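In what follows, a single structure is set out as structure tokens and then discussed.
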Amino acid sequence: MENRLSVSQLNNYIKGVFDDETILQNISVYGELFEFKISGGNTYITLKEGDCLLSCVKYSRLEKIELGTLLTLYGSVVFYRRSGRVNFSIKSVSKAGEGKYYADLQKLKEKLYLEGAFSNRPPLPEFIADCAIITSSTGAVVHDFASVLSSSYPPVGVKVFKSSVQGDGAETELASALLAAEKGGFDVIVLASGGGSTADLECFNKENVVRALASLKTPTISAIGHEVDYTLCDLAASVRAGTPSIAAKIIADVNAKALTRFETAVSTLKEALYSKISQASASIYYAANKITRE
């Protein structure tokens with residue numbers, strides 16, 4: 001006969017299993033600091049080793065720790081029955097050196113910098129008639145981007161190049177999409193992704209993606225994650241935008257300034273033309289008046 005349990009019954013049972021496993025209590029675990037966030041009075045830490053991540057929480061505020069630091073955490077594995085989540089509950093933290101992931105990332109950053117991948121990027125044009133946006137086929141990025149541009153005048157054409165932005169194969173898809181967009185002759189190419197964890201944005205630090213972006217002759221905007229998120233792609237782009245919506249606003253502002261310049265030029269030309277007509281009219285009136293008197 002099939003066992004049938006409610007959510008609370010199953011979660012209570014799982015919690016009991018975790019609580020009874022003494023091997024999960026009062027242990028030390030070490031890894032590289034991959035994410036660090038303080039929310040309310042708690043500190044949230046993600047440790048990384050290879051392709052494995054561990055979510056941890058300290059129910060107090062810790063002083064800021066640099067990403068990439070190798071840490072040893074002492075505490076216990078806890079299953080929270082209400083949320084159905086597993087965390088490592090931290091009792092104490094000690095530093096154990098520098099982690100490999102961020103050390104490798106710094107080496108790659110320095111290598112690309114010395115090669116000029118972050119220099120002499122093509123500036124945004126003075127007017128943008130159309131643009132390409134490279135992003136996931138799911139999520140709200142395209143909607144948010146298009147919503148901001150919908151109020152732009154003159155209107156801007158937008159073509160979407162769909163690509164995975166995380167997970168296996170994402171870096172290859174992103175690099176291919178960047179090169180494909182370059183062939184489209186667009187005024188601007190936008191590389192965009194919604195917010196996420198550091199792990200979710202990892203492919204935007206991959207060498208082949210950064211190199212593909214840096215190789216483009218078309219001006220580019222990097223709009224990856226939230227405003228606080230930085231990746232190597234941000235350095236390789238012409239302009240960094242904190243979010244996809246900000247990228248759309250940058251494009252709209254470029255065209256608004258172009259329209260203002262055009263209107264100013266028309267107004268100046270109109271005034272000059274009126275001045276010439278007024279001068280010519282005065283000269284004709286003076287000559288006609290002189291002829292009449294003679």
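In the structure tokens, the first chain shown is A, the next is B, and so on; residue numbers restart at 1 for each chain, and ligands run from 1 in the order shown.
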
Practice task
Go through range 203-241 of chain A and collect every residue that DSSP, computed from the backbone, puts in helix (DSSP H, G or I); the answer should be as a list in words.
Solution key: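 Of range 203-241 of chain A, only Cys203, Phe204, Asn205, Glu207, Asn208, Val209, Val210, Arg211, Ala212, Leu213, Ala214, Ser215, Leu232, Cys233, Asp234, Leu235 and Ala236 of chain A fall in helix (DSSP H, G or I).
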
Emit the selected residues as a CSV table (one decimal), in the first residue's frame, including N, CA, C and O atoms.
```
chain,number,residue,atom,x,y,z
A,203,CYS,N,28.8,32.5,-16.2
A,203,CYS,CA,29.2,32.4,-17.6
A,203,CYS,C,29.6,33.7,-18.2
A,203,CYS,O,30.4,33.7,-19.2
A,204,PHE,N,29.3,34.8,-17.6
A,204,PHE,CA,29.7,36.1,-18.1
A,204,PHE,C,31.1,36.5,-17.7
A,204,PHE,O,31.6,37.6,-18.0
A,205,ASN,N,31.7,35.6,-16.9
A,205,ASN,CA,33.2,35.7,-16.6
A,205,ASN,C,34.0,34.7,-17.4
A,205,ASN,O,35.2,34.6,-17.2
A,207,GLU,N,36.1,33.1,-20.4
A,207,GLU,CA,37.0,33.7,-21.3
A,207,GLU,C,36.5,33.8,-22.7
A,207,GLU,O,36.6,34.8,-23.4
A,208,ASN,N,35.8,32.7,-23.2
A,208,ASN,CA,35.3,32.8,-24.6
A,208,ASN,C,34.2,33.8,-24.8
A,208,ASN,O,34.1,34.4,-25.9
A,209,VAL,N,33.4,34.0,-23.8
A,209,VAL,CA,32.3,35.0,-23.9
A,209,VAL,C,32.9,36.4,-23.9
A,209,VAL,O,32.5,37.3,-24.7
A,210,VAL,N,33.8,36.6,-22.9
A,210,VAL,CA,34.4,38.0,-22.8
A,210,VAL,C,35.2,38.3,-24.1
A,210,VAL,O,35.1,39.4,-24.6
A,211,ARG,N,35.9,37.3,-24.7
A,211,ARG,CA,36.7,37.5,-25.9
A,211,ARG,C,35.7,37.8,-27.1
A,211,ARG,O,36.0,38.7,-27.9
A,212,ALA,N,34.6,37.1,-27.1
A,212,ALA,CA,33.6,37.4,-28.2
A,212,ALA,C,33.1,38.8,-28.1
A,212,ALA,O,33.0,39.5,-29.1
A,213,LEU,N,32.7,39.2,-26.9
A,213,LEU,CA,32.2,40.6,-26.7
A,213,LEU,C,33.3,41.6,-27.1
A,213,LEU,O,33.0,42.6,-27.7
A,214,ALA,N,34.5,41.4,-26.6
A,214,ALA,CA,35.6,42.3,-26.9
A,214,ALA,C,36.0,42.4,-28.4
A,214,ALA,O,36.5,43.5,-28.8
A,215,SER,N,35.6,41.4,-29.1
A,215,SER,CA,36.0,41.4,-30.6
A,215,SER,C,35.0,42.2,-31.4
A,215,SER,O,35.3,42.5,-32.6
A,232,LEU,N,33.3,40.3,-15.9
A,232,LEU,CA,34.3,40.7,-16.9
A,232,LEU,C,33.7,41.2,-18.2
A,232,LEU,O,34.3,42.1,-18.9
A,233,CYS,N,32.5,40.8,-18.5
A,233,CYS,CA,31.8,41.3,-19.7
A,233,CYS,C,31.4,42.8,-19.5
A,233,CYS,O,31.4,43.5,-20.5
A,234,ASP,N,31.2,43.2,-18.3
A,234,ASP,CA,31.0,44.7,-18.0
A,234,ASP,C,32.2,45.5,-18.5
A,234,ASP,O,32.1,46.6,-19.0
A,235,LEU,N,33.4,44.9,-18.3
A,235,LEU,CA,34.7,45.6,-18.7
A,235,LEU,C,34.9,45.6,-20.2
A,235,LEU,O,35.6,46.5,-20.7
A,236,ALA,N,34.4,44.6,-20.8
A,236,ALA,CA,34.6,44.4,-22.3
A,236,ALA,C,33.6,45.1,-23.1
A,236,ALA,O,33.8,45.2,-24.4
```

Exercise for the section: For each of A:Thr198, A:Leu174, A:Asn12, A:Lys111, take the minimum atom-to-atom distance to Gly68 in chain A, counting only C-alpha atoms, then give the residue where this is smallest. Expected result: A:Thr198

Exercise for the section: For range 23-31 of chain A, please output as number ranges by chain all residues within 12 Å (counting only C-alpha atoms; exclusion window: fewer than 2 positions along the same chain). Expected result: A: 17-21, 33-35, 45-56, 67-79, 86-102

Could you turn the residues from that selection into a file that holds C-alpha atoms, as a short mmCIF file (atom, residue, chain, number, x, y, z; two decimals), in the first residue's frame?
```cif
data_model
loop_
_atom_site.label_atom_id
_atom_site.label_comp_id
_atom_site.auth_asym_id
_atom_site.auth_seq_id
_atom_site.Cartn_x
_atom_site.Cartn_y
_atom_site.Cartn_z
CA VAL A 17 16.46 12.45 10.25
CA PHE A 18 18.77 15.45 10.06
CA ASP A 19 18.58 16.11 13.80
CA ASP A 20 19.44 12.48 14.60
CA GLU A 21 22.47 12.37 12.27
CA LEU A 33 33.71 32.32 -0.28
CA PHE A 34 31.58 32.66 -3.40
CA GLU A 35 28.78 34.92 -2.14
CA ILE A 45 27.37 32.91 2.84
CA THR A 46 27.82 30.58 -0.12
CA LEU A 47 30.90 28.35 -0.12
CA LYS A 48 32.24 26.88 -3.36
CA GLU A 49 34.50 23.96 -4.14
CA GLY A 50 34.81 22.87 -7.75
CA ASP A 51 31.27 22.76 -9.14
CA CYS A 52 29.64 22.33 -5.71
CA LEU A 53 28.00 25.10 -3.67
CA LEU A 54 26.90 25.16 -0.03
CA SER A 55 24.40 27.67 1.38
CA CYS A 56 25.22 28.84 4.91
CA LEU A 67 35.04 37.09 -2.08
CA GLY A 68 37.53 34.37 -2.90
CA THR A 69 38.72 33.99 0.68
CA LEU A 70 39.15 30.38 1.77
CA LEU A 71 37.01 29.87 4.88
CA THR A 72 36.51 27.21 7.50
CA LEU A 73 33.02 27.28 9.01
CA TYR A 74 32.06 25.50 12.23
CA GLY A 75 28.40 24.61 12.78
CA SER A 76 25.69 22.12 11.89
CA VAL A 77 23.59 21.10 8.91
CA VAL A 78 19.97 22.13 9.53
CA PHE A 79 16.76 21.24 7.72
CA VAL A 86 18.75 22.80 3.97
CA ASN A 87 21.39 25.22 5.26
CA PHE A 88 24.63 25.05 7.14
CA SER A 89 24.05 26.98 10.36
CA ILE A 90 27.29 28.78 11.23
CA LYS A 91 28.59 29.08 14.78
CA SER A 92 32.03 30.46 13.94
CA VAL A 93 34.11 31.53 10.93
CA SER A 94 37.87 31.45 10.37
CA LYS A 95 39.92 32.42 7.33
CA ALA A 96 42.24 29.87 5.77
CA GLY A 97 43.81 31.69 2.82
CA GLU A 98 42.86 32.53 -0.76
CA GLY A 99 40.50 30.41 -2.85
CA LYS A 100 41.27 29.12 -6.34
CA TYR A 101 38.16 30.37 -8.19
CA TYR A 102 38.69 34.06 -7.53
#
```

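For the atom pair formed by CA of Ile65 in chain A and CA of Lys206 in chain A, the distance is 23.9 Å, given to one decimal.
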
Exercise for the section: Would you mind listing what lies within 12 Å of Leu259 in chain A as a list in words, with only C-alpha atoms counted and same-chain residues fewer than 6 positions away left out? Expected result: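 Listed by chain and then number, they are Glu126, Phe127, Ile128, Ser152, Tyr153, Pro154, Pro155, Ala252, Asp253, Ala265 and Val266 of chain A.
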
Problem - Residue nearest Ser151 in chain A - candidates A:Ala175, A:Ala237, A:Ala248, A:Cys131, atoms counted: only C-alpha atoms - result: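 Closest to Ser151 in chain A, using only C-alpha atoms: A:Ala248.
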
Exercise for the section: Find the residues near Gly167 in chain A: any atom within 10 Å, counting only C-alpha atoms, skip ones fewer than 5 places away on the same chain, and give them as number ranges by chain. Expected result: A: 199-203

How would the residues just picked look written out with C-alpha atoms as a short mmCIF file (atom, residue, chain, number, x, y, z; two decimals), in the first residue's frame?
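File again35.cif, as written:
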```cif
data_model
loop_
_atom_site.label_atom_id
_atom_site.label_comp_id
_atom_site.auth_asym_id
_atom_site.auth_seq_id
_atom_site.Cartn_x
_atom_site.Cartn_y
_atom_site.Cartn_z
CA ALA A 199 26.72 31.34 -9.65
CA ASP A 200 23.90 32.32 -12.03
CA LEU A 201 26.13 34.98 -13.64
CA GLU A 202 29.24 32.81 -13.82
CA CYS A 203 29.21 32.35 -17.60
#
```

Handout entry: Nearest residue to Pro122 in chain A from the set A:Asn42, A:Thr138, A:Thr220, A:Ser150 (distances using only C-alpha atoms)
Key = A:Thr220

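Compared by their closest atoms to Lys217 in chain A, and using only C-alpha atoms, the residues A:Pro123, A:Ser163, A:Tyr13, A:Asp144 rank with A:Pro123 nearest.
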
Handout entry: Residue neighbourhood Phe145 in chain A, 9 Å, only C-alpha atoms, exclusion window fewer than 5 positions, as a ChimeraX atom specification
Key = /A:133,140,150,244-249

Handout entry: Polymer residues at most 6 Å from Ala223 in chain A, only C-alpha atoms, same-chain spacing of 5 or more positions, as an MDAnalysis selection string
Key = chainID A and resid 191:192 241:244

Preceding selection exported with all heavy atoms as an mmCIF file, in the first residue's frame:
```cif
data_model
loop_
_atom_site.group_PDB
_atom_site.id
_atom_site.type_symbol
_atom_site.label_atom_id
_atom_site.label_comp_id
_atom_site.auth_asym_id
_atom_site.auth_seq_id
_atom_site.Cartn_x
_atom_site.Cartn_y
_atom_site.Cartn_z
ATOM 1 N N LEU A 191 23.941 42.908 -24.299
ATOM 2 C CA LEU A 191 24.075 41.592 -23.674
ATOM 3 C C LEU A 191 23.400 41.681 -22.313
ATOM 4 O O LEU A 191 23.829 42.460 -21.458
ATOM 5 C CB LEU A 191 25.549 41.209 -23.522
ATOM 6 C CG LEU A 191 25.858 39.853 -22.878
ATOM 7 C CD1 LEU A 191 25.270 38.722 -23.717
ATOM 8 C CD2 LEU A 191 27.355 39.674 -22.709
ATOM 9 N N ALA A 192 22.311 40.924 -22.124
ATOM 10 C CA ALA A 192 21.481 41.145 -20.942
ATOM 11 C C ALA A 192 21.134 39.851 -20.217
ATOM 12 O O ALA A 192 20.992 38.795 -20.825
ATOM 13 C CB ALA A 192 20.189 41.868 -21.340
ATOM 14 N N ALA A 241 25.511 48.887 -18.067
ATOM 15 C CA ALA A 241 24.224 49.292 -17.505
ATOM 16 C C ALA A 241 23.917 48.374 -16.333
ATOM 17 O O ALA A 241 24.135 47.165 -16.413
ATOM 18 C CB ALA A 241 23.125 49.195 -18.557
ATOM 19 N N GLY A 242 23.425 48.934 -15.239
ATOM 20 C CA GLY A 242 23.176 48.123 -14.050
ATOM 21 C C GLY A 242 22.140 47.039 -14.241
ATOM 22 O O GLY A 242 22.230 45.965 -13.655
ATOM 23 N N THR A 243 21.146 47.297 -15.099
ATOM 24 C CA THR A 243 20.070 46.341 -15.358
ATOM 25 C C THR A 243 19.651 46.469 -16.824
ATOM 26 O O THR A 243 19.968 47.470 -17.483
ATOM 27 C CB THR A 243 18.835 46.619 -14.477
ATOM 28 O OG1 THR A 243 18.268 47.889 -14.855
ATOM 29 C CG2 THR A 243 19.202 46.643 -12.994
ATOM 30 N N PRO A 244 18.895 45.500 -17.361
ATOM 31 C CA PRO A 244 18.377 45.645 -18.730
ATOM 32 C C PRO A 244 17.505 46.881 -18.919
ATOM 33 O O PRO A 244 17.548 47.522 -19.978
ATOM 34 C CB PRO A 244 17.567 44.351 -18.922
ATOM 35 C CG PRO A 244 18.264 43.348 -18.040
ATOM 36 C CD PRO A 244 18.669 44.125 -16.826
#
```
